[in-house]
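Notes for the one structure printed next.
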Amino acid sequence: MEKRMLNTDEEIMLYAVEIWGQRSQIEMAQEEATELALACRKFIRVISDENFQNLGSEIADVEIMISQLKLMFPRLEEISVEQKIKKMHRLKFRLYKHQFEGDET
């Protein structure tokens, strides 16, 4: 196998897809998202520096996998930006509603 210079994050992520394949990287994204969810649960149960550091580590893993998914499927960038705008508008509406109606929970 030839040695390849990997100078950028994008080159590293694309090479990972080339070596392990799209399916494997999608499964890895799923695994990392699950690990982030578990790290959130653990941090909620026990707020500690160790759990906080682990939470940060899992966020980094998920961010890497999200970037990799967007490289594999370029249209995901457009879709995720559109969805983020919609969801932020929805959140803003809910916050305004809460501000004027009070907490209904």
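Simple scheme: letters A, B, ... for chains in structure tokens order, numbers from 1 for residues in each chain, numbers from 1 for ligands in the order shown.
Within 12 Å of range 49-54 of chain A there are Glu35, Leu36, Ala37, Leu38, Ala39, Cys40, Arg41, Lys42, Phe43, Ile44, Arg45, Glu58, Ile59, Ala60 and Asp61 of chain A, counting only C-alpha atoms and ignoring same-chain residues fewer than 4 positions away.
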Can you spit out the residues from that selection as an mmCIF file, in the first residue's frame, using C-alpha atoms?
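What ended up in result39.cif:
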```cif
data_model
loop_
_atom_site.group_PDB
_atom_site.id
_atom_site.type_symbol
_atom_site.label_atom_id
_atom_site.label_comp_id
_atom_site.auth_asym_id
_atom_site.auth_seq_id
_atom_site.Cartn_x
_atom_site.Cartn_y
_atom_site.Cartn_z
ATOM 1 C CA GLU A 35 -21.578 7.353 22.903
ATOM 2 C CA LEU A 36 -22.352 11.090 23.070
ATOM 3 C CA ALA A 37 -25.859 10.351 24.333
ATOM 4 C CA LEU A 38 -24.425 8.067 27.010
ATOM 5 C CA ALA A 39 -21.834 10.685 28.003
ATOM 6 C CA CYS A 40 -24.661 13.212 28.424
ATOM 7 C CA ARG A 41 -26.526 10.790 30.703
ATOM 8 C CA LYS A 42 -23.410 10.137 32.754
ATOM 9 C CA PHE A 43 -22.705 13.874 33.113
ATOM 10 C CA ILE A 44 -26.295 14.494 34.235
ATOM 11 C CA ARG A 45 -25.974 11.762 36.882
ATOM 12 C CA GLU A 58 -17.531 12.559 22.564
ATOM 13 C CA ILE A 59 -18.640 15.888 21.077
ATOM 14 C CA ALA A 60 -15.364 15.974 19.117
ATOM 15 C CA ASP A 61 -15.950 12.424 17.838
#
```
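Interatomic distance, CA of Glu10 in chain A to CA of Lys86 in chain A: 27.8 Å.
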Can you tell me, as a ChimeraX atom specification, which residues in chain A count as alpha helix (DSSP H) by DSSP? /A:9-20,22-45,49-72,75-101
